[in-house]
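Scroll down for the structure; my scribbles are underneath it.
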Amino acid sequence: MPVPKWLVVARNEYRIRINSIRTIRPYFPYLVIALLAVYVAFIAPAVVSLFIDDLLAFFLSQVALAMVPIIMFIIFFYFIILPITYTLQGMQAGQVEIFLAAPIKPSDVLLGEFLGVMPFYAIAITVMAGFFTAALNPLGLDMLQIAITVIIFVATFLSALWIGTVIAALVRTKFAKSARGRDVGRALSLVLALPMIAVMYAIMGGGLLEALADPGTSGMVRAILSLLPSSWGAEVIVNFASNPGNIGAVGFETLTRFGGLVAFFVAVLWLGTKAANRAYSIEPTTFTASRAKPDGFFYRTVRYLGGGGSFGTLLVSVFKDYGRRLENLSRIAYIVGLIAMVNIFFGGGFDDPEAALLMGLFLFPFLAVLVVGQVTAGGKESLFIYKKTPFGVGRFVKARLLQGWLVAVPIGVAITVVSMISIPQTTLISLLTYTGFMALIVAANVTLALGLSLLNPEFSENTRTQMFGLIVNAQVAMFVSLGIFIGSLIVLDLGFLNTVLLQTVVIWLLGIVFLYLGKRRFSRIE
């Protein structure tokens, strides 16, 4: 009987993963199962008990029990978007071509690769489940109930991971055909994280825990979540906690819900393979000539702000290159959405304008990095073009700085105004004063972020590598901004207005120094 091709792919993928431990490869599954069993049964509870006393452990177990459906839903959703985001960030058309050129069906490749790495995903999920079962340990669950809980975690989240893998494969087929499609995919990869962040913020500061304590609201939320597979296992865990050490009392419900979860996992594997076979396709690339429309009022205004002439034309060109990439626009949408959610879920207790501005002070450096952090996205070829023109590098840096101000400063001003007008104590004088300071701080952060980007240019076309550079620059910018603010407010004991004034001056000085050093380094690249 011939071996299924997906099984051959899975076996090869599994062997690649454990090739470095070849001597114990035959015993690897048994060793892992034994170690994980010891970890879940003894190590995780012992580690938790070292840091948490009995009373606090019991309280945490009650909170964890009440949050089981929400926790399962959040992690289920995360495991779905994880492969989608990973695929969208680094899509290449060649990946689709390899699937179609292989002598086996795309579903065999996809399913084989997933099953080959599934044991390693299962190990990571079991480690995560071990801490959860350790939190429920004060309730008195027996070993069989703990084992079933771990299996529920593994089956639920592997199902979500497979669903995300299939969706990612279909999305790759859809968007990897053209440069525009890849740009759309990279834009979506960032925005996809916003719903999960919204749920987390709702739990931490949005009153979701209080709402779940209300019988009417909790019943509605549970009714909605019960439609998802993540809640099937959650109901089993809740029943275990209600009947610790007595699985027979909930045996029928455990069998039906746990069996339904396993059946769902098998069903999504089968449906995913069918979807992959039908959806994988690629069409011949067609080339179309595009026509540039005359500049409208906006770009004429940008050219006027650039002083007209050749520099105004360069500024418009830089602005067009930035605006036509949906990835850049999605980053702006991400940071604006993040600030909006912070104000919605954490802004209810603000009773003065100064408190309303704190989160903006913390997130404006991140906004600046997202706006000007990819100054080298055009590659070294663009740099060499500017280097061949008189004062080309300096004019390019100046254009990128002005473009960053034109994008980030209006956003910062709008966020500041919206945050302050919701506070009853806000006066016109305070509104104008703080708005002016925030505009100066955003402009200073843009200058600092551009300098950091020039000091550490990233010419790689790999989106993940570019994102890593952005994250590093964002951390540096946020650390500088927060350090200055906290040092001025707490260490020097200055008032809020004086702290903002000092922060503005220091960030401007640092930004000018980093921009000068970055321009010198950027102009010397060969």
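Chain labels follow the order of the structure tokens: the first chain is A, the next B, and so on; residue numbering restarts at 1 in every chain, and ligands are counted from 1 in their shown order.
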Selection: 12 Å around range 258-273 of chain A, only C-alpha atoms, excl. self and same-chain fewer than 2 positions, as a ChimeraX atom specification: /A:6,105-112,114-115,145,148-170,228-237,239,250-256,275-280
Go ahead and write the residues just picked, C-alpha atoms, as an mmCIF file, in the first residue's frame.
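Wrote out23.cif, looks like this:
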```cif
data_model
loop_
_atom_site.group_PDB
_atom_site.id
_atom_site.type_symbol
_atom_site.label_atom_id
_atom_site.label_comp_id
_atom_site.auth_asym_id
_atom_site.auth_seq_id
_atom_site.Cartn_x
_atom_site.Cartn_y
_atom_site.Cartn_z
ATOM 1 C CA TRP A 6 1.300 14.255 2.947
ATOM 2 C CA LYS A 105 -0.939 18.368 -4.594
ATOM 3 C CA PRO A 106 -0.682 21.669 -2.689
ATOM 4 C CA SER A 107 -2.830 20.225 0.104
ATOM 5 C CA ASP A 108 -0.296 17.408 0.629
ATOM 6 C CA VAL A 109 2.512 19.947 1.025
ATOM 7 C CA LEU A 110 0.491 22.174 3.329
ATOM 8 C CA LEU A 111 -0.875 19.364 5.491
ATOM 9 C CA GLY A 112 2.464 17.559 5.576
ATOM 10 C CA PHE A 114 1.778 21.340 9.405
ATOM 11 C CA LEU A 115 1.741 17.781 10.745
ATOM 12 C CA GLN A 145 -8.985 16.077 34.794
ATOM 13 C CA ILE A 148 -7.930 16.194 29.748
ATOM 14 C CA THR A 149 -7.508 19.945 30.304
ATOM 15 C CA VAL A 150 -4.076 19.835 28.662
ATOM 16 C CA ILE A 151 -5.443 17.832 25.724
ATOM 17 C CA ILE A 152 -8.245 20.391 25.360
ATOM 18 C CA PHE A 153 -5.666 23.163 25.124
ATOM 19 C CA VAL A 154 -3.655 21.265 22.515
ATOM 20 C CA ALA A 155 -6.647 20.288 20.354
ATOM 21 C CA THR A 156 -8.235 23.740 20.517
ATOM 22 C CA PHE A 157 -5.171 25.757 19.646
ATOM 23 C CA LEU A 158 -3.832 23.331 17.039
ATOM 24 C CA SER A 159 -7.216 23.665 15.324
ATOM 25 C CA ALA A 160 -6.856 27.434 15.383
ATOM 26 C CA LEU A 161 -3.287 27.192 14.083
ATOM 27 C CA TRP A 162 -4.371 24.976 11.188
ATOM 28 C CA ILE A 163 -7.241 27.344 10.325
ATOM 29 C CA GLY A 164 -4.774 30.237 10.315
ATOM 30 C CA THR A 165 -2.321 28.234 8.192
ATOM 31 C CA VAL A 166 -4.975 27.497 5.555
ATOM 32 C CA ILE A 167 -6.189 31.103 5.514
ATOM 33 C CA ALA A 168 -2.593 32.275 5.218
ATOM 34 C CA ALA A 169 -2.051 29.959 2.251
ATOM 35 C CA LEU A 170 -5.176 31.261 0.529
ATOM 36 C CA LEU A 228 -16.928 29.035 19.047
ATOM 37 C CA PRO A 229 -14.951 25.791 19.464
ATOM 38 C CA SER A 230 -12.762 27.469 22.084
ATOM 39 C CA SER A 231 -15.761 27.549 24.470
ATOM 40 C CA TRP A 232 -16.501 23.842 24.112
ATOM 41 C CA GLY A 233 -13.309 22.984 25.950
ATOM 42 C CA ALA A 234 -13.815 25.915 28.320
ATOM 43 C CA GLU A 235 -17.140 24.442 29.460
ATOM 44 C CA VAL A 236 -15.437 21.138 30.213
ATOM 45 C CA ILE A 237 -12.802 22.923 32.335
ATOM 46 C CA ASN A 239 -17.360 21.589 34.907
ATOM 47 C CA VAL A 250 -19.867 15.361 34.387
ATOM 48 C CA GLY A 251 -18.919 12.347 32.308
ATOM 49 C CA PHE A 252 -21.596 12.745 29.629
ATOM 50 C CA GLU A 253 -20.963 16.463 29.117
ATOM 51 C CA THR A 254 -17.227 15.835 29.057
ATOM 52 C CA LEU A 255 -17.621 13.108 26.467
ATOM 53 C CA THR A 256 -19.875 15.153 24.174
ATOM 54 C CA ALA A 275 -9.776 24.346 0.323
ATOM 55 C CA ALA A 276 -6.045 24.367 -0.409
ATOM 56 C CA ASN A 277 -6.459 22.172 -3.488
ATOM 57 C CA ARG A 278 -9.179 24.377 -4.919
ATOM 58 C CA ALA A 279 -7.712 27.758 -4.068
ATOM 59 C CA TYR A 280 -4.069 27.432 -5.100
#
```
Quick one, how far is CA of Ile74 in chain A from CA of Ala129 in chain A?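 Interatomic distance, CA of Ile74 in chain A to CA of Ala129 in chain A: 14.1 Å.
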Which residue gives the smallest distance to Gly483 in chain A among A:Ile75, A:Ile81, A:Ala443, A:Ile507, with only C-alpha atoms counted? A:Ile507
Which is closest to Val397 in chain A among A:Leu431, A:Val500, A:Leu314, A:Ile415, if we use only C-alpha atoms?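 Comparing A:Leu431, A:Val500, A:Leu314, A:Ile415 against Val397 in chain A, the winner is A:Leu314.
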Just how far from CA of Gly511 in chain A is CA of Thr389 in chain A, in Å to one decimal?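 CA of Gly511 in chain A lies 26.0 Å from CA of Thr389 in chain A.
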Residue contacts of range 515-521 of chain A (7 Å, only C-alpha atoms) excluding same-chain residues fewer than 6 positions away, as a ChimeraX atom specification: /A:447-448,450-452,454-455
Which one of A:Val476, A:Ala124, A:Leu357, A:Ile429 sits closest to Ile441 in chain A if you count only C-alpha atoms?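 Smallest separation from Ile441 in chain A among the options: A:Leu357.
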Would you work out the distance separating CA of Ala147 in chain A from CA of Tyr14 in chain A, expressed in Å to one decimal?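 That distance, rounded to one decimal, is 24.7 Å.
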So which one's closest to Gln403 in chain A, A:Ser453, A:Asn12, A:Ser310, A:Ser317? Using only C-alpha atoms, please.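 Comparing A:Ser453, A:Asn12, A:Ser310, A:Ser317 against Gln403 in chain A, the winner is A:Ser317.
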